[in-house]
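Q: Below is a structure I'd like to ask you about.
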Amino acid sequence: MSYHINTQCLQAGYDPKNGEPRVVPIFQSTTFKYDNAATLGKLFDLEADGFFYTRLANPTLSTVAAKIAELEGGVGAMLTASGQAANMMSITNICHAGDHVVCAAAIYGGTFNLFNKSLRELGIEFTFLAPDASEEEINAAFKNNTKAAFIESVSNPSLDVADIELYAKLAHAHGVPLIVDNTFPTPINLRPFEWGADIVTHSTTKYMDGHAVALGGVIVDSGSFDWTNGKYPMLTEPDESYHGVVYTEKFGKAAYITKCVTHLMRDYGSQQSPQNAFLLNLGLETLFLRMERHCQNALTVAKFLEADDRIEWVNFPGLESNKYYERAKKYMPNGSCGVISFGVKGGREKAMQFMDNLDLIKLVIHVADARTCALHPASTTHRQMNDAQLEECGVKPNLIRMSVGLEYVDDIIADIRQALDKI
Ligand SMILES: *Cc1c(COP(=O)(O)O)cnc(C)c1O
């Protein structure tokens, strides 16, 4: 029986047996006990399924990962300590020094630094493409040593909507998988595998947790990419560090995600804690309900701002004036996310006054949680830059990023109105 995604949010991944806990328990144990050495040996050889050390696998983590795999429609998933760890491993699982990745430039700043600095320092090259790059330009970016393409479905914070179908088509034409960071829409609003993506990542820290209580990430494998085209020896040739296992032969459709766990998590050790996975699971249970309201509230706030003459511009894919309106309708007919950005007339000064006047809406460095929050990059995350430098990196000095929460929307708007009245 296949259930609606709303039902999967509540029940997927866990089916308690007679007398077992109704709620996914927290297995707060680093290790697991076995009766004899032979059984443990089989686990080490990947001949049997089971838990032996939480750095590799833990029942709480496996249960929550299985739920997310189902929500995205994949064959398997691996939780990570953070979204950063998920994106790093999504690349390093199949790219080594000397390899190259085609990447959309409209991505989260932390991901840009991870790729452009840390992974570059390890010898992996990246070509970054502008959000409006043409099909020809994207196609021309692929090289002989390209091993993956990477995009964000809806970019943080610029809210560019990626053309997933186009990127998937071009990536596949060059024999490489498309990796999509789907943090902002979540599988409730967009399922990248349905548009041809091969691997999905998330910072679960955002909407999936949804309450700003637990850092986390996840990688999901669609199981649909053919790794046997000669470009991926790490999946098709024996892994000597695992007794010569050949992932594609032994694990078939789950080759990529199995290697993520048995190789990368073993070596990098950036596992999510069972406590955080428990909290993440509580967030997932209401994800469907929450995304609906986040989108509804964000659209109402965006329309209010657009109609107010003290606001210079509003950026939200759900507005008909938005350059991504049509594309957003195609990929996310039920809405994109709850994050909007806008410019207060009067530049940096007025934007800072507006921020100081907010009362219900709090100033925090975060997005995508239940409570509405706002950030003025020019005076915080980007404060070392002057106005000219800000314009260059696409962050206007008067830009306010607002993550619209789940409060009663009239109260959110009333707070924005009084903050504008006071400037
Ligand atoms: C926040 C974020 C990340 C990084 O996630 P952390 O959990 O903070 O490590 C990656 N991608 C996107 C789109 C994000 O919003």
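Each chain in the structure tokens gets a letter, A, B, ..., in the order shown, and its residues are numbered from 1; ligands are numbered from 1 in order too.
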Return as a list of chain:residue names the residues of protein, DNA or RNA that approach ligand 1 to within 6 Å, with only C-alpha atoms and all ligand atoms taken into account.
A: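 Using only C-alpha atoms and all ligand atoms, everything at most 6 Å from ligand 1 comes to A:Ser82, A:Gly83, A:Gln84, A:Tyr108, A:Thr111, A:Asn156, A:Thr183, A:Ser203, A:Thr205, A:Leu215, A:Gly216, A:Gly217.
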Q: Emit the selected residues as a compact mmCIF listing (two decimals), in the first residue's frame, including all heavy atoms.
A:
```
# COMPACT_ATOMS: atom_id res chain seq x y z
N SER A 82 25.29 17.56 9.73
CA SER A 82 24.85 18.88 9.29
C SER A 82 24.59 18.86 7.79
O SER A 82 24.99 17.90 7.11
CB SER A 82 25.93 19.93 9.61
OG SER A 82 27.08 19.67 8.81
N GLY A 83 24.00 19.92 7.29
CA GLY A 83 23.81 20.04 5.85
C GLY A 83 25.15 20.15 5.14
O GLY A 83 25.34 19.63 4.03
N GLN A 84 26.11 20.82 5.78
CA GLN A 84 27.46 20.94 5.20
C GLN A 84 28.07 19.57 4.97
O GLN A 84 28.64 19.30 3.92
CB GLN A 84 28.36 21.75 6.13
CG GLN A 84 28.04 23.23 6.20
CD GLN A 84 28.28 23.93 4.89
OE1 GLN A 84 27.34 24.24 4.16
NE2 GLN A 84 29.53 24.18 4.55
N TYR A 108 23.81 28.26 -1.40
CA TYR A 108 24.06 28.71 -0.04
C TYR A 108 25.54 29.10 0.12
O TYR A 108 26.42 28.39 -0.39
CB TYR A 108 23.68 27.56 0.89
CG TYR A 108 23.95 27.78 2.34
CD1 TYR A 108 23.30 28.77 3.06
CD2 TYR A 108 24.85 26.96 3.02
CE1 TYR A 108 23.54 28.94 4.41
CE2 TYR A 108 25.10 27.12 4.37
CZ TYR A 108 24.44 28.12 5.07
OH TYR A 108 24.69 28.28 6.40
N THR A 111 27.89 26.42 1.30
CA THR A 111 28.19 25.41 0.28
C THR A 111 29.20 25.96 -0.71
O THR A 111 30.12 25.26 -1.13
CB THR A 111 26.90 25.01 -0.47
OG1 THR A 111 25.89 24.70 0.50
CG2 THR A 111 27.13 23.81 -1.36
N ASN A 156 19.25 29.46 -1.41
CA ASN A 156 19.31 30.23 -0.19
C ASN A 156 20.50 31.17 -0.28
O ASN A 156 21.62 30.70 -0.44
CB ASN A 156 19.49 29.28 1.01
CG ASN A 156 19.67 30.00 2.33
OD1 ASN A 156 19.48 31.20 2.43
ND2 ASN A 156 20.05 29.26 3.36
N THR A 183 16.77 21.66 0.19
CA THR A 183 16.47 22.13 1.55
C THR A 183 15.24 23.04 1.62
O THR A 183 14.38 22.85 2.48
CB THR A 183 17.69 22.91 2.11
OG1 THR A 183 18.80 22.02 2.20
CG2 THR A 183 17.40 23.49 3.48
N SER A 203 19.81 20.24 4.19
CA SER A 203 20.13 20.64 5.54
C SER A 203 18.84 20.40 6.31
O SER A 203 17.88 21.16 6.16
CB SER A 203 20.53 22.12 5.60
OG SER A 203 20.49 22.55 6.94
N THR A 205 18.44 20.86 9.24
CA THR A 205 18.41 21.95 10.22
C THR A 205 17.27 22.92 9.93
O THR A 205 16.80 23.61 10.82
CB THR A 205 19.74 22.73 10.13
OG1 THR A 205 20.82 21.81 10.05
CG2 THR A 205 19.94 23.64 11.31
N LEU A 215 20.79 20.54 14.57
CA LEU A 215 21.55 20.59 13.33
C LEU A 215 21.55 19.21 12.69
O LEU A 215 21.63 18.20 13.39
CB LEU A 215 23.00 20.98 13.68
CG LEU A 215 23.76 21.83 12.67
CD1 LEU A 215 23.17 23.22 12.56
CD2 LEU A 215 25.22 21.94 13.09
N GLY A 216 21.45 19.17 11.38
CA GLY A 216 21.49 17.85 10.72
C GLY A 216 21.45 17.97 9.21
O GLY A 216 21.18 19.03 8.65
N GLY A 217 21.76 16.86 8.55
CA GLY A 217 21.70 16.81 7.10
C GLY A 217 21.35 15.41 6.64
O GLY A 217 21.29 14.47 7.45
```
Q: From a backbone DSSP assignment, name each residue in stretch 255-340 of chain A labelled strand (DSSP E or B), as a count of residues only.
A: 7
Q: Write out as a ChimeraX atom specification each polymer residue whose atoms come within 10 Å of A:Leu46, counting only C-alpha atoms; drop sequence neighbours fewer than 6 positions from it.
A: /A:40,242-243,245,250,262
Q: Using only C-alpha atoms, which residues sit within 12 Å of A:Leu190 once same-chain residues fewer than 3 positions away are excluded, as a PyMOL selection string?
A: chain A and resi 5+71-73+152-154+161-162+164+180-187+193-195+197+200+288+291+328-337
Q: Store the residues picked out above in a file with N, CA, C and O atoms, as a tab-separated table (two decimals), in the first residue's frame.
A:
```
chain	number	residue	atom	x	y	z
A	5	ILE	N	1.94	11.57	0.90
A	5	ILE	CA	3.16	12.06	1.56
A	5	ILE	C	2.87	12.61	2.97
A	5	ILE	O	3.71	12.50	3.88
A	71	LEU	N	10.00	9.81	1.68
A	71	LEU	CA	9.43	11.12	1.33
A	71	LEU	C	9.96	11.62	-0.01
A	71	LEU	O	9.23	12.22	-0.80
A	72	GLU	N	11.25	11.36	-0.27
A	72	GLU	CA	11.85	11.81	-1.54
A	72	GLU	C	11.64	10.81	-2.66
A	72	GLU	O	11.90	11.11	-3.83
A	73	GLY	N	11.19	9.60	-2.33
A	73	GLY	CA	11.02	8.58	-3.35
A	73	GLY	C	12.33	7.93	-3.77
A	73	GLY	O	12.50	7.53	-4.92
A	152	GLU	N	20.90	23.97	-6.35
A	152	GLU	CA	19.91	24.06	-5.29
A	152	GLU	C	18.55	24.27	-5.95
A	152	GLU	O	18.42	25.13	-6.83
A	153	SER	N	17.54	23.51	-5.55
A	153	SER	CA	16.23	23.61	-6.20
A	153	SER	C	15.68	25.02	-6.05
A	153	SER	O	15.21	25.62	-7.02
A	154	VAL	N	15.71	25.57	-4.83
A	154	VAL	CA	15.39	26.98	-4.59
A	154	VAL	C	16.55	27.50	-3.74
A	154	VAL	O	16.81	26.97	-2.66
A	161	VAL	N	15.00	29.81	-8.73
A	161	VAL	CA	14.40	28.49	-8.92
A	161	VAL	C	15.15	27.80	-10.06
A	161	VAL	O	15.20	28.31	-11.18
A	162	ALA	N	15.75	26.65	-9.76
A	162	ALA	CA	16.58	25.96	-10.76
A	162	ALA	C	15.71	25.20	-11.75
A	162	ALA	O	14.64	24.69	-11.40
A	164	ILE	N	15.50	22.09	-13.00
A	164	ILE	CA	16.04	20.76	-12.68
A	164	ILE	C	16.04	19.86	-13.90
A	164	ILE	O	17.02	19.15	-14.18
A	180	VAL	N	20.91	17.49	-6.21
A	180	VAL	CA	20.08	18.66	-5.93
A	180	VAL	C	19.94	18.86	-4.42
A	180	VAL	O	19.48	17.96	-3.71
A	181	ASP	N	20.36	20.02	-3.95
A	181	ASP	CA	20.11	20.41	-2.55
A	181	ASP	C	18.68	20.93	-2.50
A	181	ASP	O	18.36	21.99	-3.04
A	182	ASN	N	17.80	20.15	-1.85
A	182	ASN	CA	16.36	20.43	-1.87
A	182	ASN	C	15.87	20.97	-0.53
A	182	ASN	O	14.72	20.78	-0.15
A	183	THR	N	16.77	21.66	0.19
A	183	THR	CA	16.47	22.13	1.55
A	183	THR	C	15.24	23.04	1.62
A	183	THR	O	14.38	22.85	2.48
A	184	PHE	N	15.14	24.03	0.74
A	184	PHE	CA	14.08	25.03	0.90
A	184	PHE	C	12.67	24.49	0.57
A	184	PHE	O	11.76	24.68	1.38
A	185	PRO	N	12.45	23.84	-0.57
A	185	PRO	CA	11.08	23.37	-0.83
A	185	PRO	C	10.69	22.13	-0.02
A	185	PRO	O	9.51	21.92	0.24
A	186	THR	N	11.67	21.32	0.36
A	186	THR	CA	11.44	20.01	1.01
A	186	THR	C	10.64	19.11	0.04
A	186	THR	O	10.00	19.61	-0.90
A	187	PRO	N	10.64	17.78	0.28
A	187	PRO	CA	9.88	16.91	-0.62
A	187	PRO	C	8.38	17.17	-0.62
A	187	PRO	O	7.66	16.68	-1.50
A	193	PHE	N	13.64	13.90	-7.78
A	193	PHE	CA	13.79	12.65	-8.54
A	193	PHE	C	12.74	12.55	-9.66
A	193	PHE	O	12.99	11.95	-10.69
A	194	GLU	N	11.58	13.16	-9.43
A	194	GLU	CA	10.52	13.10	-10.45
A	194	GLU	C	10.88	13.93	-11.67
A	194	GLU	O	10.25	13.80	-12.72
A	195	TRP	N	11.89	14.79	-11.55
A	195	TRP	CA	12.33	15.63	-12.67
A	195	TRP	C	13.69	15.19	-13.20
A	195	TRP	O	14.32	15.93	-13.95
A	197	ALA	N	16.52	14.22	-11.29
A	197	ALA	CA	17.69	14.29	-10.40
A	197	ALA	C	18.06	12.90	-9.91
A	197	ALA	O	17.21	11.99	-9.88
A	200	VAL	N	19.71	13.59	-3.87
A	200	VAL	CA	19.15	14.77	-3.20
A	200	VAL	C	19.84	14.95	-1.86
A	200	VAL	O	20.13	13.98	-1.17
A	288	PHE	N	4.33	18.26	6.52
A	288	PHE	CA	3.31	18.55	5.51
A	288	PHE	C	2.44	19.73	5.95
A	288	PHE	O	2.23	20.69	5.20
A	291	MET	N	4.60	23.09	6.04
A	291	MET	CA	4.99	23.69	4.75
A	291	MET	C	3.82	24.42	4.12
A	291	MET	O	3.97	25.50	3.53
A	328	ALA	N	8.40	28.30	-11.12
A	328	ALA	CA	8.00	27.86	-9.78
A	328	ALA	C	6.65	27.14	-9.85
A	328	ALA	O	6.43	26.14	-9.17
A	329	LYS	N	5.74	27.66	-10.70
A	329	LYS	CA	4.42	27.02	-10.86
A	329	LYS	C	4.58	25.61	-11.41
A	329	LYS	O	3.87	24.68	-11.02
A	330	LYS	N	5.54	25.46	-12.35
A	330	LYS	CA	5.76	24.15	-12.96
A	330	LYS	C	6.30	23.15	-11.93
A	330	LYS	O	5.78	22.05	-11.80
A	331	TYR	N	7.35	23.55	-11.21
A	331	TYR	CA	8.00	22.60	-10.30
A	331	TYR	C	7.32	22.51	-8.94
A	331	TYR	O	7.41	21.49	-8.26
A	332	MET	N	6.69	23.62	-8.51
A	332	MET	CA	6.12	23.67	-7.15
A	332	MET	C	4.73	24.29	-7.17
A	332	MET	O	4.53	25.40	-6.67
A	333	PRO	N	3.75	23.58	-7.74
A	333	PRO	CA	2.41	24.15	-7.88
A	333	PRO	C	1.76	24.51	-6.53
A	333	PRO	O	0.89	25.36	-6.48
A	334	ASN	N	2.23	23.88	-5.45
A	334	ASN	CA	1.62	24.17	-4.15
A	334	ASN	C	2.39	25.21	-3.34
A	334	ASN	O	2.10	25.42	-2.16
A	335	GLY	N	3.40	25.83	-3.94
A	335	GLY	CA	4.20	26.83	-3.21
A	335	GLY	C	5.62	26.34	-3.05
A	335	GLY	O	5.89	25.15	-3.17
A	336	SER	N	6.54	27.30	-2.77
A	336	SER	CA	7.97	26.96	-2.72
A	336	SER	C	8.48	26.80	-1.30
A	336	SER	O	8.93	25.74	-0.88
A	337	CYS	N	8.42	27.89	-0.52
A	337	CYS	CA	8.92	27.88	0.85
A	337	CYS	C	8.43	29.13	1.55
A	337	CYS	O	7.67	29.90	0.96
```
Q: I need the residue nearest A:Tyr256 from this list: A:Gly110, A:Arg120, A:Gly74, A:Ser158. Use only C-alpha atoms for the distance.
A: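 Among A:Gly110, A:Arg120, A:Gly74, A:Ser158, it is A:Gly74 that comes nearest to A:Tyr256.
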Q: Which residues, written as a VMD selection string, have at least one atom at most 7 Å from stretch 263-279 of chain A, with only C-alpha atoms counted and residues fewer than 3 positions away on the same chain left out?
A: chain A and resid 26 to 28 55 to 56 60 to 61 64 79 to 81 85 93 209 214 216 259 to 260 282 to 283
Q: Between stretch 37-142 of chain A and stretch 228-241 of chain A, at 10 Å or less, what are the per-residue closest atom pairs and their distances in Å? Count only C-alpha atoms, order by chain and rising residue number, and return it as JSON lines.
A:
```
{"residue": "A:Asn93", "atom": "CA", "partner": "A:Met234", "partner_atom": "CA", "distance": 8.3}
{"residue": "A:Ile94", "atom": "CA", "partner": "A:Tyr232", "partner_atom": "CA", "distance": 6.8}
{"residue": "A:Cys95", "atom": "CA", "partner": "A:Tyr232", "partner_atom": "CA", "distance": 8.7}
{"residue": "A:His96", "atom": "CA", "partner": "A:Met234", "partner_atom": "CA", "distance": 9.6}
```
Q: Can you tell me, as a list in words, which residues in stretch 283-324 of chain A count as alpha helix (DSSP H) by DSSP?
A: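 After running DSSP on the backbone, stretch 283-324 of chain A has alpha helix (DSSP H) at Gly283, Leu284, Glu285, Leu287, Phe288, Leu289, Arg290, Met291, Glu292, Arg293, His294, Cys295, Gln296, Asn297, Ala298, Leu299, Thr300, Val301, Ala302, Lys303, Phe304, Leu305 and Glu306 of chain A.
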Q: Can you measure atom CA of A:Leu390 to atom CA of A:Ile107 for me? One decimal in Å is fine.
A: 16.5 Å
Q: Considering only C-alpha atoms, return as number ranges by chain whatever protein or nucleic-acid residues lie within 8 Å of A:Leu406, sequence-local ones (same chain, fewer than 5 positions apart) excluded.
A: A: 290, 293-294, 297, 370-372
Q: Kindly export the residues of the current selection with C-alpha atoms, as a PDB file, in the first residue's frame.
A:
```
ATOM      1  CA  ARG A 290       3.841  23.240   8.370  1.00  0.00           C
ATOM      2  CA  ARG A 293       1.153  27.231   6.283  1.00  0.00           C
ATOM      3  CA  HIS A 294       4.698  28.578   5.728  1.00  0.00           C
ATOM      4  CA  ASN A 297       1.804  33.036   5.230  1.00  0.00           C
ATOM      5  CA  ALA A 370       8.332  27.906  13.089  1.00  0.00           C
ATOM      6  CA  ARG A 371       8.841  31.468  14.369  1.00  0.00           C
ATOM      7  CA  THR A 372       9.153  34.403  11.972  1.00  0.00           C
TER       8      THR A 372
END
```
Q: Between atom CA of A:Glu306 and atom CA of A:Leu363, what is the spacing in Å?
A: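 Distance between the two atoms: 21.7 Å.
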Q: Using only C-alpha atoms for the distances, tell me which of A:Asp163, A:Val367, A:Ala351, A:Val261 is nearest to A:Ala86.
A: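 Among A:Asp163, A:Val367, A:Ala351, A:Val261, it is A:Val261 that comes nearest to A:Ala86.
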Q: I'd like the contact shell of A:Ile413 - 12 Å cut-off, only C-alpha atoms, skipping same-chain residues fewer than 2 positions apart - returned as a PyMOL selection string.
A: chain A and resi 297-305+308+358-361+372+402+404-405+407-411+415-420
